[in-house]
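Notes follow the structure.
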Amino acid sequence: MTIHTKLQKTSKNHVKITKTKALAAIGMIAVLLSVFTISSRPAKADQFDAQIAALKKQVQATQAAADAKAADANTLKGKIASIQADIDAAQHQLDLTNLEIKQTQVRIEAANRELDHQKAILKDNLRTIYKQGDVSPIEVVASSRDLSDFVAQQEYLSAIKQKIDDNLKKIDSLKKELANKKDQLDAQSNQQASVVAGINAKKTEQQNLLAQTQGDEANYRKLADQDNAKIADLRRQQAAIIASFSSNVRYGGSGGYPWAGAPFPNSIADPWGMYQRQCVSYTAWKVASSGRHMPYWGGRGNAYQWPSNARAAGIPVDGNPRPGDVAISMAGSFGHAMYVESVNGNKVHVSQYNANWDGQYSTSDVSIAGLQFIHF
């Protein structure tokens, strides 16, 4: 091998090494650039999808729980009303018993007074006949006109005494009867009072449960409101991101859309199964109004579903825009549909509804990058 050959081989090796180093350096620069590009890339609207979806599920769960608590509260209210009716009925019976006790007590007191009165009559009659014990039986006989008169006086005295004794027995029997009745009524009153107290305790328990249930319902409603507020905030951020890749945004007019005056938001379906004043309803109407066939996609009409719907229907979808296409952004929870009015370099001029979650018509210039175009 000559010196020239050696030099030639060394030169070739040097070139190979130089190329290898250069390629390695270029690869490193590419990696660094890609890292820098990724790290400095702005947020995308679709990064909120998972958060919104999770919050929606949470809202549905909390609202369902709140509705269940509301149903429980209505059931408890019905139970409390029924318990209150039981309380009213038991209290009415107790009031009647207590009234009967009072009436019985009045009769007992009247019987006591009558008993005392009959006893007084007996004493007075005895004192009158016997002159308080000063008249002897012989004097009675002596004062009588004859034996028959004496017997008559004795019989009269016995009759009076017997009558008073009978009255005393009747009154005493009535007293005992009334006393027994009062004892029974007292026992009945105590039992009824216990029933009323027990029902009242049950009512208090149900009222406490109702208060707790209503408190739980309020808490669930509050959580749902908080999550809805978070969803609204995320949607505002989505709208801001959509606005960030849009320019020359202009509002005004209706774009000829026939349902521009419909309430918003609503659940009123257009002929293609889309809710009116949503972006997809507008683009469906635009396609149909141009004389082209617009399939019915109700039930799967979110904008992010349109590319797969179109492919399934044999309608071409790609990244190359043409006027009359429907441009689809996959950003956000539902995506966004726009009608391509014209193509201007790396941007398309579009008309649309609800770009800012407001149900309004607008036009704007949008970057082609990241969009999918459906060629109806």
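The way I read the labels, and the way they are meant: chains A, B, ... in the order of the structure tokens, residue 1 as the first residue of every chain, and ligand 1 as the first ligand shown, with later ones counted on from there.
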List the neighbours of segment 71-75 of chain A out to 8 Å using only C-alpha atoms; skip same-chain residues closer than 5 positions along the sequence, and give me the result as an NGL selection string.
:A and (210 or 213-214)
Selection to disk with N, CA and C atoms, as a JSON list (two decimals), in the first residue's frame:
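Result file again-v1.json:
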```
[["chain", "number", "residue", "atom", "x", "y", "z"],
["A", 210, "LEU", "N", -86.12, 14.43, 58.01],
["A", 210, "LEU", "CA", -86.48, 15.31, 56.90],
["A", 210, "LEU", "C", -85.49, 16.46, 56.80],
["A", 213, "THR", "N", -82.32, 15.16, 55.41],
["A", 213, "THR", "CA", -82.48, 14.85, 53.99],
["A", 213, "THR", "C", -82.49, 16.12, 53.16],
["A", 214, "GLN", "N", -83.22, 17.13, 53.63],
["A", 214, "GLN", "CA", -83.26, 18.39, 52.89],
["A", 214, "GLN", "C", -81.89, 19.07, 52.90]]
```
For segment 94-99 of chain A, find every residue with an atom within 9 Å (counting only C-alpha atoms), except residues of its own chain fewer than 2 positions away, and show them as a PDB file with C-alpha atoms, in the first residue's frame.
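New file result-v8.pdb:
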```pdb
ATOM      1  CA  ALA A  89    -106.744  11.513  66.514  1.00  0.00           C
ATOM      2  CA  ALA A  90    -104.943  10.247  69.642  1.00  0.00           C
ATOM      3  CA  GLN A  91    -104.968  13.714  71.193  1.00  0.00           C
ATOM      4  CA  HIS A  92    -108.698  14.001  70.476  1.00  0.00           C
ATOM      5  CA  ILE A 101    -112.565  12.480  84.011  1.00  0.00           C
ATOM      6  CA  LYS A 102    -113.480  16.053  84.859  1.00  0.00           C
ATOM      7  CA  GLN A 103    -117.184  15.300  84.502  1.00  0.00           C
ATOM      8  CA  THR A 104    -116.818  12.197  86.704  1.00  0.00           C
ATOM      9  CA  LEU A 185    -110.313   6.880  83.122  1.00  0.00           C
ATOM     10  CA  ASP A 186    -107.077   7.985  84.794  1.00  0.00           C
ATOM     11  CA  GLN A 188    -106.852   5.277  80.145  1.00  0.00           C
ATOM     12  CA  SER A 189    -105.696   8.894  80.117  1.00  0.00           C
ATOM     13  CA  ASN A 190    -102.168   7.870  81.099  1.00  0.00           C
ATOM     14  CA  GLN A 191    -102.123   5.234  78.375  1.00  0.00           C
ATOM     15  CA  GLN A 192    -103.424   7.676  75.769  1.00  0.00           C
ATOM     16  CA  ALA A 193    -100.941  10.321  76.878  1.00  0.00           C
ATOM     17  CA  VAL A 196     -99.509  10.688  72.057  1.00  0.00           C
TER      18      VAL A 196
END
```
As a ChimeraX atom specification, please: the residues near Thr363 of chain A (cut-off 6 Å, only C-alpha atoms, same-chain neighbours under 3 positions excluded).
/A:249-250,350-351
Convert the current residue selection to file output with N, CA and C atoms, as a tab-separated table (two decimals), in the first residue's frame.
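Dumped everything to part32.tsv:
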```
chain	number	residue	atom	x	y	z
A	249	VAL	N	-62.85	38.06	13.39
A	249	VAL	CA	-64.15	37.57	13.84
A	249	VAL	C	-65.18	38.71	13.76
A	250	ARG	N	-66.31	38.41	13.15
A	250	ARG	CA	-67.35	39.42	13.02
A	250	ARG	C	-68.71	38.81	13.37
A	350	VAL	N	-64.71	31.24	7.27
A	350	VAL	CA	-65.84	30.39	7.62
A	350	VAL	C	-67.00	31.22	8.16
A	351	SER	N	-68.20	30.65	8.03
A	351	SER	CA	-69.37	31.16	8.74
A	351	SER	C	-69.78	30.08	9.73
```
So that I can see what lies close to Val348 of chain A, please list as a PyMOL selection string the residues with an atom at most 9 Å from it, counting only C-alpha atoms and leaving out residues fewer than 2 positions away in the same chain.
chain A and resi 321-323+327+340-346+350+364-368
C-alpha atoms of the current selection, written as a compact mmCIF listing (two decimals), in the first residue's frame:
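This is the output file part-v1.txt:
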```
# COMPACT_ATOMS: atom_id res chain seq x y z
CA PRO A 321 -60.23 22.52 2.23
CA ARG A 322 -62.52 23.59 -0.58
CA PRO A 323 -65.31 26.17 -0.56
CA ALA A 327 -64.63 22.27 8.56
CA VAL A 340 -66.04 27.04 4.50
CA GLU A 341 -66.92 30.13 2.50
CA SER A 342 -63.50 30.53 0.87
CA VAL A 343 -59.91 29.32 1.07
CA ASN A 344 -57.11 31.86 1.48
CA GLY A 345 -53.68 30.24 1.66
CA ASN A 346 -53.24 28.53 5.01
CA VAL A 350 -65.84 30.39 7.62
CA SER A 364 -63.98 34.43 10.98
CA ASP A 365 -60.69 33.38 9.41
CA VAL A 366 -59.38 30.10 10.80
CA SER A 367 -56.07 28.33 10.41
CA ILE A 368 -56.29 25.16 8.33
```
Can you list every residue in segment 113-359 of chain A that DSSP puts in alpha helix (DSSP H), as a ChimeraX atom specification?
/A:113-130,137-143,147-244,279-289,306-312
Could those residues be written to a file, using C-alpha atoms, as a tab-separated table (two decimals), in the first residue's frame?
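Produced file selection.tsv, reproduced below:
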```
chain	number	residue	atom	x	y	z
A	113	ARG	CA	-122.31	16.84	98.89
A	114	GLU	CA	-125.55	14.85	98.61
A	115	LEU	CA	-124.23	12.26	101.02
A	116	ASP	CA	-123.40	14.95	103.55
A	117	HIS	CA	-126.81	16.48	102.96
A	118	GLN	CA	-128.64	13.18	103.58
A	119	LYS	CA	-126.62	12.59	106.71
A	120	ALA	CA	-127.59	16.02	107.96
A	121	ILE	CA	-131.27	15.32	107.22
A	122	LEU	CA	-131.07	12.07	109.16
A	123	LYS	CA	-129.53	13.78	112.15
A	124	ASP	CA	-132.08	16.57	112.09
A	125	ASN	CA	-134.99	14.15	111.90
A	126	LEU	CA	-133.62	12.04	114.71
A	127	ARG	CA	-133.07	15.10	116.86
A	128	THR	CA	-136.57	16.34	116.12
A	129	ILE	CA	-138.22	13.04	116.94
A	130	TYR	CA	-136.23	12.30	120.02
A	137	PRO	CA	-139.82	5.84	125.18
A	138	ILE	CA	-142.38	5.96	128.02
A	139	GLU	CA	-142.90	9.67	127.44
A	140	VAL	CA	-143.41	8.93	123.80
A	141	VAL	CA	-146.00	6.33	124.67
A	142	ALA	CA	-147.61	8.73	127.11
A	143	SER	CA	-147.76	11.49	124.55
A	147	LEU	CA	-151.17	2.47	120.93
A	148	SER	CA	-151.85	2.74	117.24
A	149	ASP	CA	-150.63	6.33	117.29
A	150	PHE	CA	-147.44	5.16	119.02
A	151	VAL	CA	-146.96	2.39	116.45
A	152	ALA	CA	-147.57	4.89	113.66
A	153	GLN	CA	-144.91	7.22	115.06
A	154	GLN	CA	-142.45	4.36	115.33
A	155	GLU	CA	-143.22	3.20	111.80
A	156	TYR	CA	-142.83	6.77	110.49
A	157	LEU	CA	-139.49	7.08	112.25
A	158	SER	CA	-138.36	3.75	110.86
A	159	ALA	CA	-139.51	4.70	107.36
A	160	ILE	CA	-137.62	7.96	107.48
A	161	LYS	CA	-134.54	6.22	108.80
A	162	GLN	CA	-134.85	3.47	106.18
A	163	LYS	CA	-135.25	5.99	103.38
A	164	ILE	CA	-132.21	7.93	104.53
A	165	ASP	CA	-130.25	4.70	104.92
A	166	ASP	CA	-131.26	3.69	101.40
A	167	ASN	CA	-130.19	7.09	100.09
A	168	LEU	CA	-126.89	6.81	101.92
A	169	LYS	CA	-126.29	3.36	100.42
A	170	LYS	CA	-127.17	4.54	96.92
A	171	ILE	CA	-124.96	7.58	97.25
A	172	ASP	CA	-122.13	5.53	98.68
A	173	SER	CA	-122.52	2.98	95.86
A	174	LEU	CA	-122.51	5.79	93.32
A	175	LYS	CA	-119.39	7.23	94.93
A	176	LYS	CA	-117.61	3.89	94.64
A	177	GLU	CA	-118.81	3.46	91.06
A	178	LEU	CA	-117.63	6.93	90.14
A	179	ALA	CA	-114.33	6.41	91.94
A	180	ASN	CA	-113.76	3.16	90.01
A	181	LYS	CA	-114.69	4.87	86.79
A	182	LYS	CA	-112.31	7.73	87.54
A	183	ASP	CA	-109.51	5.27	88.25
A	184	GLN	CA	-110.18	3.57	84.93
A	185	LEU	CA	-110.31	6.88	83.12
A	186	ASP	CA	-107.08	7.99	84.79
A	187	ALA	CA	-105.39	4.79	83.63
A	188	GLN	CA	-106.85	5.28	80.15
A	189	SER	CA	-105.70	8.89	80.12
A	190	ASN	CA	-102.17	7.87	81.10
A	191	GLN	CA	-102.12	5.23	78.37
A	192	GLN	CA	-103.42	7.68	75.77
A	193	ALA	CA	-100.94	10.32	76.88
A	194	SER	CA	-98.19	7.74	76.43
A	195	VAL	CA	-99.48	6.98	72.92
A	196	VAL	CA	-99.51	10.69	72.06
A	197	ALA	CA	-95.99	11.08	73.43
A	198	GLY	CA	-94.80	8.05	71.43
A	199	ILE	CA	-96.33	9.36	68.20
A	200	ASN	CA	-94.86	12.80	68.89
A	201	ALA	CA	-91.44	11.19	69.36
A	202	LYS	CA	-91.87	9.40	66.04
A	203	LYS	CA	-92.87	12.67	64.41
A	204	THR	CA	-89.80	14.40	65.85
A	205	GLU	CA	-87.61	11.58	64.52
A	206	GLN	CA	-89.14	11.94	61.05
A	207	GLN	CA	-88.78	15.73	61.18
A	208	ASN	CA	-85.10	15.39	62.08
A	209	LEU	CA	-84.65	12.92	59.23
A	210	LEU	CA	-86.48	15.31	56.90
A	211	ALA	CA	-84.21	18.19	57.95
A	212	GLN	CA	-81.15	16.03	57.36
A	213	THR	CA	-82.48	14.85	53.99
A	214	GLN	CA	-83.26	18.39	52.89
A	215	GLY	CA	-79.80	19.44	54.05
A	216	ASP	CA	-78.24	16.64	52.01
A	217	GLU	CA	-80.32	17.67	49.00
A	218	ALA	CA	-79.16	21.29	49.39
A	219	ASN	CA	-75.54	20.15	49.60
A	220	TYR	CA	-75.90	18.05	46.45
A	221	ARG	CA	-77.54	20.97	44.64
A	222	LYS	CA	-74.71	23.20	45.76
A	223	LEU	CA	-72.10	20.73	44.50
A	224	ALA	CA	-73.92	20.46	41.17
A	225	ASP	CA	-74.01	24.26	40.90
A	226	GLN	CA	-70.30	24.44	41.66
A	227	ASP	CA	-69.50	21.81	39.03
A	228	ASN	CA	-71.74	23.54	36.49
A	229	ALA	CA	-69.85	26.74	37.21
A	230	LYS	CA	-66.59	24.87	36.57
A	231	ILE	CA	-68.01	23.50	33.29
A	232	ALA	CA	-69.04	27.01	32.27
A	233	ASP	CA	-65.54	28.23	33.05
A	234	LEU	CA	-63.97	25.42	31.02
A	235	ARG	CA	-66.29	26.25	28.14
A	236	ARG	CA	-65.23	29.88	28.34
A	237	GLN	CA	-61.66	28.69	28.13
A	238	GLN	CA	-62.59	26.54	25.11
A	239	ALA	CA	-64.24	29.51	23.46
A	240	ALA	CA	-61.13	31.55	24.18
A	241	ILE	CA	-58.95	28.88	22.56
A	242	ILE	CA	-61.20	28.74	19.50
A	243	ALA	CA	-60.95	32.51	19.36
A	244	SER	CA	-57.16	32.22	19.65
A	279	CYS	CA	-72.92	24.91	15.01
A	280	VAL	CA	-73.89	21.55	13.51
A	281	SER	CA	-77.46	22.64	12.81
A	282	TYR	CA	-76.19	25.65	10.89
A	283	THR	CA	-73.69	23.65	8.80
A	284	ALA	CA	-76.29	20.94	8.09
A	285	TRP	CA	-78.67	23.61	6.86
A	286	LYS	CA	-75.91	25.21	4.73
A	287	VAL	CA	-75.12	21.92	3.05
A	288	ALA	CA	-78.79	21.13	2.40
A	289	SER	CA	-79.59	24.66	1.22
A	306	TRP	CA	-69.13	14.23	11.93
A	307	PRO	CA	-65.87	13.01	10.32
A	308	SER	CA	-66.56	9.38	11.31
A	309	ASN	CA	-70.23	9.77	10.34
A	310	ALA	CA	-69.16	11.07	6.92
A	311	ARG	CA	-66.63	8.30	6.33
A	312	ALA	CA	-69.26	5.71	7.28
```
List the spatial neighbours of Leu371 of chain A as a PyMOL selection string - criterion: any atom at most 6 Å away, only C-alpha atoms, same-chain residues fewer than 2 positions off excluded.
chain A and resi 328-329+368-369
Atom CA of Phe373 of chain A and atom CA of Gln352 of chain A are how many Å apart?
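It comes out at 14.5 Å.
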Quick one: of A:Ala337, A:Gly359, A:Asn320, A:Pro295, who's nearest to Phe376 of chain A, counting only C-alpha atoms?
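Among the listed residues, the smallest separation from Phe376 of chain A belongs to A:Pro295.
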